[in-house]
Amino acid sequence: MIQNDNIIDGKSLSQVIKQEISEEVKKIVQSGHRAPHLAAILIGENPASQSYVKSKVRSCEQVGFRSTLIQKEADISEDELLELVDQLNKNEEIDGFIVQLPLPKHIDEMKVTMAIDPEKDVDGFHPVNVGKMSLGLDCFLPATPYGIIQMLDRYGVETSGKQCVIIGRSNIVGTPMSILMSRKMKTGNATVTLTHSRTQNMKEELLRADIIIAAIGYPNFVTADMVKEGAVIIDVGINRVEDAAAKRGYRLVGDVDFEACKNKCSLITPVPGGVGPMTVTSLLLNTLKARKF
């Protein structure tokens, strides 16, 4: 892990929060109740999906959660998957569950998301939770945006009245981040600009930003000349770049040119070791919340 005064260390922060969760789980168990239980449905053999799910199962073990991994072949029918979702909805021993995306092309992801009980939707993707988030009501927040809010909060980043520019408008990161950063809350009250692939004068928009949240999916998209002195950068991107010198033949880089930008920033997240660990930790926080319903 990079050691630097202006680095937001997501890996270390996630360990701190996991310890807090673990202490809470001990109290639940000591009071005579069962530990929180997270289930995950994994369809097919997508290497990235397998890695993510294994990380989530491992994290459950670390904090004392129960976990169930349900693996199905890629040719599972949509009806079979929907039946499996229904079974988990009705299973009172399961507090929350996720269906790992992406799904095979023959399955309608939105139909599957809509079928999940909103009170077990610990990914925070169901329209009920998205709607509640938009209204500032109590709900499950999408894991990556929730993790980013935790990072900004725990590193003491002042967001009120600040210019926040978000790059990318996905339903998983960009759009929910724009809502959360503008909400009337401790880590919020920012003036938000949501940019994307059709935005003109991107550089000018970014140079105005006190806080940049990059989630566009292009390696090293944000360069030093696009960042003003003292800005805070949250880099959500995880991109594989070919590198013959690397053991695996590639290396992971973010959407931000880290080496070029790090000395201009007051705070910046590295890739890997930044937002990624906090995404998994936020899923645990949502599952703990689900256990308390």
# chains A, B, ... in the order shown; residues from 1 in each chain; ligands from 1
call {"tool": "residues_around", "arguments": {"residues": "Lys54 of chain A", "least_positions_apart": "6", "cutoff": "12 Å", "atoms": "only C-alpha atoms", "output": "number ranges by chain"}}
result
A: 39-42, 47-48, 60-61, 67-71, 100, 280
call {"tool": "write_last_selection", "arguments": {"atoms": "N, CA and C atoms", "output": "compact mmCIF listing (two decimals), in the first residue's frame"}}
result
# COMPACT_ATOMS: atom_id res chain seq x y z
N ALA A 39 -26.28 -13.69 1.69
CA ALA A 39 -26.21 -14.69 0.61
C ALA A 39 -25.83 -14.00 -0.69
N ALA A 40 -25.15 -14.75 -1.55
CA ALA A 40 -24.76 -14.22 -2.86
C ALA A 40 -25.06 -15.26 -3.93
N ILE A 41 -25.66 -14.79 -5.01
CA ILE A 41 -25.93 -15.66 -6.16
C ILE A 41 -24.91 -15.31 -7.25
N LEU A 42 -24.17 -16.31 -7.69
CA LEU A 42 -23.16 -16.12 -8.73
C LEU A 42 -23.51 -16.99 -9.93
N PRO A 47 -14.48 -14.37 -14.36
CA PRO A 47 -13.39 -14.31 -13.37
C PRO A 47 -13.51 -13.12 -12.41
N ALA A 48 -13.88 -11.96 -12.93
CA ALA A 48 -14.00 -10.77 -12.08
C ALA A 48 -15.12 -10.96 -11.06
N CYS A 60 -17.19 -11.55 5.07
CA CYS A 60 -18.22 -12.01 6.01
C CYS A 60 -17.60 -12.82 7.14
N GLU A 61 -16.68 -13.70 6.78
CA GLU A 61 -16.01 -14.52 7.79
C GLU A 61 -15.23 -13.64 8.77
N SER A 67 -22.49 -16.64 5.84
CA SER A 67 -22.59 -16.35 4.40
C SER A 67 -22.96 -17.61 3.65
N THR A 68 -23.70 -17.42 2.58
CA THR A 68 -24.10 -18.52 1.70
C THR A 68 -23.81 -18.12 0.27
N LEU A 69 -23.04 -18.94 -0.43
CA LEU A 69 -22.74 -18.69 -1.84
C LEU A 69 -23.49 -19.71 -2.69
N ILE A 70 -24.34 -19.20 -3.58
CA ILE A 70 -25.12 -20.06 -4.47
C ILE A 70 -24.60 -19.88 -5.89
N GLN A 71 -23.98 -20.92 -6.43
CA GLN A 71 -23.40 -20.83 -7.77
C GLN A 71 -24.25 -21.62 -8.76
N GLN A 100 -24.92 -11.22 -8.19
CA GLN A 100 -23.73 -10.61 -8.76
C GLN A 100 -23.92 -10.29 -10.24
N VAL A 280 -16.90 -3.36 -0.65
CA VAL A 280 -17.23 -4.61 0.05
C VAL A 280 -17.64 -4.32 1.49
call {"tool": "select_by_dssp", "arguments": {"residues": "segment 103-241 of chain A", "states": "strand (DSSP E)", "output": "list in words"}}
result
Gln163, Cys164, Val165, Ile166, Ile167, Thr191, Val192, Thr193, Leu194, Thr195, Ile211, Ile212, Ile213, Ala214, Val232, Ile233, Ile234, Asp235, Asn239, Arg240 and Val241 of chain A
call {"tool": "atom_distance", "arguments": {"atom1": "atom CA of Met185 of chain A", "atom2": "atom CA of Gly147 of chain A"}}
result
15.6 Å
call {"tool": "closest_atom_pairs", "arguments": {"of": "segment 102-165 of chain A", "to": "segment 196-215 of chain A", "cutoff": "12 Å", "atoms": "only C-alpha atoms", "output": "Markdown table"}}
result
| residue | atom | partner | partner_atom | distance |
| --- | --- | --- | --- | --- |
| A:Thr144 | CA | A:Ala215 | CA | 10.5 |
| A:Pro145 | CA | A:Ile213 | CA | 10.1 |
| A:Ile148 | CA | A:Ile213 | CA | 9.0 |
| A:Ile149 | CA | A:Ile213 | CA | 11.1 |
| A:Leu152 | CA | A:Ile211 | CA | 9.9 |
| A:Val157 | CA | A:Ile211 | CA | 9.2 |
| A:Glu158 | CA | A:Ile211 | CA | 9.6 |
| A:Thr159 | CA | A:Ile211 | CA | 8.0 |
| A:Ser160 | CA | A:Asp210 | CA | 10.8 |
| A:Gly161 | CA | A:Asp210 | CA | 9.8 |
| A:Lys162 | CA | A:Asp210 | CA | 6.0 |
| A:Gln163 | CA | A:Ala209 | CA | 5.0 |
| A:Cys164 | CA | A:Ile211 | CA | 4.6 |
| A:Val165 | CA | A:Ile212 | CA | 5.0 |
call {"tool": "write_last_selection", "arguments": {"atoms": "N, CA and C atoms", "output": "compact mmCIF listing (two decimals), in the first residue's frame"}}
result
# COMPACT_ATOMS: atom_id res chain seq x y z
N THR A 144 -20.89 1.13 -3.54
CA THR A 144 -19.74 1.98 -3.89
C THR A 144 -19.96 3.43 -3.47
N PRO A 145 -21.10 4.05 -3.80
CA PRO A 145 -21.34 5.41 -3.29
C PRO A 145 -21.31 5.50 -1.76
N ILE A 148 -17.78 5.61 -0.68
CA ILE A 148 -17.17 6.91 -0.95
C ILE A 148 -17.58 7.93 0.11
N ILE A 149 -18.86 7.92 0.49
CA ILE A 149 -19.34 8.82 1.53
C ILE A 149 -18.59 8.56 2.84
N LEU A 152 -15.01 10.06 2.57
CA LEU A 152 -15.01 11.52 2.70
C LEU A 152 -15.27 11.94 4.14
N VAL A 157 -13.23 15.35 5.00
CA VAL A 157 -13.32 16.21 3.82
C VAL A 157 -14.55 17.11 3.93
N GLU A 158 -14.35 18.41 3.89
CA GLU A 158 -15.47 19.36 3.93
C GLU A 158 -16.15 19.37 2.57
N THR A 159 -17.43 19.03 2.55
CA THR A 159 -18.18 18.98 1.29
C THR A 159 -19.20 20.10 1.15
N SER A 160 -19.62 20.68 2.28
CA SER A 160 -20.67 21.69 2.26
C SER A 160 -20.24 22.92 1.45
N GLY A 161 -21.03 23.24 0.45
CA GLY A 161 -20.75 24.40 -0.38
C GLY A 161 -19.64 24.22 -1.39
N LYS A 162 -19.04 23.04 -1.43
CA LYS A 162 -17.92 22.80 -2.35
C LYS A 162 -18.44 22.41 -3.74
N GLN A 163 -17.59 22.65 -4.72
CA GLN A 163 -17.89 22.25 -6.10
C GLN A 163 -17.46 20.80 -6.29
N CYS A 164 -18.42 19.93 -6.56
CA CYS A 164 -18.14 18.51 -6.76
C CYS A 164 -18.47 18.14 -8.20
N VAL A 165 -17.48 17.66 -8.94
CA VAL A 165 -17.70 17.23 -10.32
C VAL A 165 -17.56 15.71 -10.40
call {"tool": "residues_around", "arguments": {"residues": "Met151 of chain A", "least_positions_apart": "2", "cutoff": "8 Å", "atoms": "only C-alpha atoms", "output": "list in words"}}
result
Ile8, Gly10, Leu13, Gly147, Ile148, Ile149, Asp153, Arg154, Tyr155 and Met278 of chain A
call {"tool": "write_last_selection", "arguments": {"atoms": "C-alpha atoms", "output": "PDB file, in the first residue's frame"}}
result
ATOM      1  CA  ILE A   8      -7.002   8.059   1.227  1.00  0.00           C
ATOM      2  CA  GLY A  10      -9.351   2.541   1.554  1.00  0.00           C
ATOM      3  CA  LEU A  13     -10.124   2.285   6.530  1.00  0.00           C
ATOM      4  CA  GLY A 147     -18.161   3.584   0.586  1.00  0.00           C
ATOM      5  CA  ILE A 148     -17.170   6.913  -0.953  1.00  0.00           C
ATOM      6  CA  ILE A 149     -19.340   8.823   1.532  1.00  0.00           C
ATOM      7  CA  ASP A 153     -16.568  11.559   6.149  1.00  0.00           C
ATOM      8  CA  ARG A 154     -13.818   9.699   7.993  1.00  0.00           C
ATOM      9  CA  TYR A 155     -11.037  11.648   6.312  1.00  0.00           C
ATOM     10  CA  MET A 278     -14.741   0.174   0.846  1.00  0.00           C
TER      11      MET A 278
END
call {"tool": "closest_atom_pairs", "arguments": {"of": "segment 132-194 of chain A", "to": "segment 251-262 of chain A", "cutoff": "12 Å", "atoms": "only C-alpha atoms", "output": "tab-separated table"}}
result
residue	atom	partner	partner_atom	distance
A:Ile166	CA	A:Asp255	CA	11.9
A:Ile167	CA	A:Asp255	CA	9.5
A:Gly168	CA	A:Asp255	CA	10.6
call {"tool": "write_last_selection", "arguments": {"atoms": "C-alpha atoms", "output": "JSON list (two decimals), in the first residue's frame"}}
result
[["chain", "number", "residue", "atom", "x", "y", "z"],
["A", 166, "ILE", "CA", -18.65, 13.61, -11.02],
["A", 167, "ILE", "CA", -17.47, 11.90, -14.20],
["A", 168, "GLY", "CA", -19.85, 9.14, -15.30]]
call {"tool": "select_by_dssp", "arguments": {"residues": "segment 32-214 of chain A", "states": "alpha helix (DSSP H)", "output": "VMD selection string"}}
result
chain A and resid 47 to 63 78 to 90 109 to 115 127 to 135 143 to 154 174 to 182 202 to 207
call {"tool": "closest_atom_pairs", "arguments": {"of": "segment 133-251 of chain A", "to": "segment 111-123 of chain A", "cutoff": "10 Å", "atoms": "only C-alpha atoms", "output": "Markdown table"}}
result
| residue | atom | partner | partner_atom | distance |
| --- | --- | --- | --- | --- |
| A:Cys139 | CA | A:Glu119 | CA | 8.5 |
| A:Phe140 | CA | A:Val122 | CA | 6.0 |
| A:Leu141 | CA | A:Asp123 | CA | 7.3 |
| A:Pro142 | CA | A:Asp123 | CA | 5.4 |
| A:Ala143 | CA | A:Asp123 | CA | 5.9 |
| A:Thr144 | CA | A:Asp123 | CA | 9.1 |
| A:Ile172 | CA | A:Asp123 | CA | 9.4 |
call {"tool": "write_last_selection", "arguments": {"atoms": "N, CA and C atoms", "output": "compact mmCIF listing (two decimals), in the first residue's frame"}}
result
# COMPACT_ATOMS: atom_id res chain seq x y z
N CYS A 139 -32.62 4.08 4.00
CA CYS A 139 -32.65 3.01 2.99
C CYS A 139 -31.27 2.37 2.91
N PHE A 140 -31.16 1.37 2.05
CA PHE A 140 -29.86 0.79 1.72
C PHE A 140 -29.26 1.62 0.59
N LEU A 141 -28.05 2.15 0.82
CA LEU A 141 -27.37 2.91 -0.22
C LEU A 141 -26.56 1.97 -1.10
N PRO A 142 -26.43 2.28 -2.40
CA PRO A 142 -25.55 1.46 -3.25
C PRO A 142 -24.15 1.40 -2.65
N ALA A 143 -23.54 0.22 -2.71
CA ALA A 143 -22.32 -0.03 -1.93
C ALA A 143 -21.16 0.89 -2.27
N THR A 144 -20.89 1.13 -3.54
CA THR A 144 -19.74 1.98 -3.89
C THR A 144 -19.96 3.43 -3.47
N ILE A 172 -25.04 2.77 -10.96
CA ILE A 172 -24.34 2.13 -9.85
C ILE A 172 -23.48 3.13 -9.07
call {"tool": "residues_around", "arguments": {"residues": "Ser134 of chain A", "least_positions_apart": "4", "cutoff": "8 Å", "atoms": "only C-alpha atoms", "output": "VMD selection string"}}
result
chain A and resid 130 179 to 180
call {"tool": "decode", "arguments": {"residues": "segment 209-241 of chain A", "atoms": "N, CA and C atoms", "output": "PDB file, in the first residue's frame"}}
result
ATOM      1  N   ALA A 209     -13.500  22.105  -9.925  1.00  0.00           N
ATOM      2  CA  ALA A 209     -13.898  21.157  -8.881  1.00  0.00           C
ATOM      3  C   ALA A 209     -13.001  21.187  -7.653  1.00  0.00           C
ATOM      4  N   ASP A 210     -13.646  21.265  -6.484  1.00  0.00           N
ATOM      5  CA  ASP A 210     -12.952  21.035  -5.213  1.00  0.00           C
ATOM      6  C   ASP A 210     -12.850  19.541  -4.954  1.00  0.00           C
ATOM      7  N   ILE A 211     -13.851  18.799  -5.443  1.00  0.00           N
ATOM      8  CA  ILE A 211     -13.902  17.342  -5.282  1.00  0.00           C
ATOM      9  C   ILE A 211     -14.215  16.727  -6.646  1.00  0.00           C
ATOM     10  N   ILE A 212     -13.392  15.785  -7.074  1.00  0.00           N
ATOM     11  CA  ILE A 212     -13.618  15.061  -8.333  1.00  0.00           C
ATOM     12  C   ILE A 212     -13.880  13.604  -7.998  1.00  0.00           C
ATOM     13  N   ILE A 213     -14.980  13.060  -8.528  1.00  0.00           N
ATOM     14  CA  ILE A 213     -15.277  11.634  -8.382  1.00  0.00           C
ATOM     15  C   ILE A 213     -15.303  11.047  -9.785  1.00  0.00           C
ATOM     16  N   ALA A 214     -14.275  10.260 -10.107  1.00  0.00           N
ATOM     17  CA  ALA A 214     -14.095   9.748 -11.464  1.00  0.00           C
ATOM     18  C   ALA A 214     -14.585   8.312 -11.567  1.00  0.00           C
ATOM     19  N   ALA A 215     -15.604   8.100 -12.391  1.00  0.00           N
ATOM     20  CA  ALA A 215     -16.175   6.758 -12.572  1.00  0.00           C
ATOM     21  C   ALA A 215     -16.642   6.600 -14.014  1.00  0.00           C
ATOM     22  N   ILE A 216     -15.720   6.800 -14.934  1.00  0.00           N
ATOM     23  CA  ILE A 216     -16.076   6.797 -16.356  1.00  0.00           C
ATOM     24  C   ILE A 216     -15.582   5.556 -17.097  1.00  0.00           C
ATOM     25  N   GLY A 217     -14.593   4.849 -16.504  1.00  0.00           N
ATOM     26  CA  GLY A 217     -14.146   3.596 -17.112  1.00  0.00           C
ATOM     27  C   GLY A 217     -13.103   3.736 -18.196  1.00  0.00           C
ATOM     28  N   TYR A 218     -12.363   4.845 -18.208  1.00  0.00           N
ATOM     29  CA  TYR A 218     -11.268   5.042 -19.162  1.00  0.00           C
ATOM     30  C   TYR A 218      -9.967   5.220 -18.386  1.00  0.00           C
ATOM     31  N   PRO A 219      -8.953   4.391 -18.663  1.00  0.00           N
ATOM     32  CA  PRO A 219      -7.714   4.476 -17.895  1.00  0.00           C
ATOM     33  C   PRO A 219      -7.024   5.829 -18.033  1.00  0.00           C
ATOM     34  N   ASN A 220      -6.630   6.376 -16.873  1.00  0.00           N
ATOM     35  CA  ASN A 220      -5.865   7.627 -16.820  1.00  0.00           C
ATOM     36  C   ASN A 220      -6.547   8.782 -17.559  1.00  0.00           C
ATOM     37  N   PHE A 221      -7.862   8.802 -17.521  1.00  0.00           N
ATOM     38  CA  PHE A 221      -8.634   9.835 -18.236  1.00  0.00           C
ATOM     39  C   PHE A 221      -8.363  11.232 -17.669  1.00  0.00           C
ATOM     40  N   VAL A 222      -8.315  11.330 -16.343  1.00  0.00           N
ATOM     41  CA  VAL A 222      -8.094  12.630 -15.693  1.00  0.00           C
ATOM     42  C   VAL A 222      -6.603  12.865 -15.558  1.00  0.00           C
ATOM     43  N   THR A 223      -6.115  13.915 -16.220  1.00  0.00           N
ATOM     44  CA  THR A 223      -4.690  14.235 -16.197  1.00  0.00           C
ATOM     45  C   THR A 223      -4.450  15.475 -15.324  1.00  0.00           C
ATOM     46  N   ALA A 224      -3.195  15.722 -15.008  1.00  0.00           N
ATOM     47  CA  ALA A 224      -2.849  16.786 -14.063  1.00  0.00           C
ATOM     48  C   ALA A 224      -3.344  18.157 -14.506  1.00  0.00           C
ATOM     49  N   ASP A 225      -3.360  18.415 -15.808  1.00  0.00           N
ATOM     50  CA  ASP A 225      -3.781  19.733 -16.288  1.00  0.00           C
ATOM     51  C   ASP A 225      -5.292  19.947 -16.179  1.00  0.00           C
ATOM     52  N   MET A 226      -6.026  18.902 -15.740  1.00  0.00           N
ATOM     53  CA  MET A 226      -7.474  18.993 -15.565  1.00  0.00           C
ATOM     54  C   MET A 226      -7.856  19.164 -14.090  1.00  0.00           C
ATOM     55  N   VAL A 227      -6.851  19.229 -13.215  1.00  0.00           N
ATOM     56  CA  VAL A 227      -7.088  19.241 -11.773  1.00  0.00           C
ATOM     57  C   VAL A 227      -6.527  20.517 -11.164  1.00  0.00           C
ATOM     58  N   LYS A 228      -7.328  21.179 -10.343  1.00  0.00           N
ATOM     59  CA  LYS A 228      -6.801  22.383  -9.696  1.00  0.00           C
ATOM     60  C   LYS A 228      -6.053  22.021  -8.423  1.00  0.00           C
ATOM     61  N   GLU A 229      -5.161  22.895  -8.036  1.00  0.00           N
ATOM     62  CA  GLU A 229      -4.335  22.676  -6.848  1.00  0.00           C
ATOM     63  C   GLU A 229      -5.214  22.482  -5.612  1.00  0.00           C
ATOM     64  N   GLY A 230      -4.927  21.407  -4.855  1.00  0.00           N
ATOM     65  CA  GLY A 230      -5.625  21.177  -3.591  1.00  0.00           C
ATOM     66  C   GLY A 230      -6.936  20.422  -3.695  1.00  0.00           C
ATOM     67  N   ALA A 231      -7.289  19.960  -4.887  1.00  0.00           N
ATOM     68  CA  ALA A 231      -8.545  19.224  -5.061  1.00  0.00           C
ATOM     69  C   ALA A 231      -8.475  17.866  -4.371  1.00  0.00           C
ATOM     70  N   VAL A 232      -9.652  17.314  -4.058  1.00  0.00           N
ATOM     71  CA  VAL A 232      -9.775  15.954  -3.530  1.00  0.00           C
ATOM     72  C   VAL A 232     -10.243  15.071  -4.685  1.00  0.00           C
ATOM     73  N   ILE A 233      -9.556  13.957  -4.911  1.00  0.00           N
ATOM     74  CA  ILE A 233      -9.919  13.065  -6.015  1.00  0.00           C
ATOM     75  C   ILE A 233     -10.279  11.685  -5.485  1.00  0.00           C
ATOM     76  N   ILE A 234     -11.473  11.234  -5.855  1.00  0.00           N
ATOM     77  CA  ILE A 234     -11.912   9.867  -5.570  1.00  0.00           C
ATOM     78  C   ILE A 234     -11.957   9.129  -6.906  1.00  0.00           C
ATOM     79  N   ASP A 235     -11.097   8.142  -7.053  1.00  0.00           N
ATOM     80  CA  ASP A 235     -10.962   7.412  -8.318  1.00  0.00           C
ATOM     81  C   ASP A 235     -11.651   6.053  -8.198  1.00  0.00           C
ATOM     82  N   VAL A 236     -12.774   5.912  -8.885  1.00  0.00           N
ATOM     83  CA  VAL A 236     -13.574   4.685  -8.806  1.00  0.00           C
ATOM     84  C   VAL A 236     -13.137   3.665  -9.862  1.00  0.00           C
ATOM     85  N   GLY A 237     -12.405   4.113 -10.858  1.00  0.00           N
ATOM     86  CA  GLY A 237     -12.069   3.253 -11.991  1.00  0.00           C
ATOM     87  C   GLY A 237     -11.142   2.104 -11.645  1.00  0.00           C
ATOM     88  N   ILE A 238     -11.383   0.967 -12.283  1.00  0.00           N
ATOM     89  CA  ILE A 238     -10.463  -0.177 -12.217  1.00  0.00           C
ATOM     90  C   ILE A 238     -10.295  -0.673 -13.649  1.00  0.00           C
ATOM     91  N   ASN A 239      -9.150  -0.374 -14.250  1.00  0.00           N
ATOM     92  CA  ASN A 239      -8.913  -0.699 -15.657  1.00  0.00           C
ATOM     93  C   ASN A 239      -7.649  -1.540 -15.798  1.00  0.00           C
ATOM     94  N   ARG A 240      -7.713  -2.526 -16.662  1.00  0.00           N
ATOM     95  CA  ARG A 240      -6.533  -3.343 -16.939  1.00  0.00           C
ATOM     96  C   ARG A 240      -5.753  -2.726 -18.095  1.00  0.00           C
ATOM     97  N   VAL A 241      -4.472  -2.487 -17.859  1.00  0.00           N
ATOM     98  CA  VAL A 241      -3.600  -1.945 -18.888  1.00  0.00           C
ATOM     99  C   VAL A 241      -2.465  -2.937 -19.118  1.00  0.00           C
TER     100      VAL A 241
END
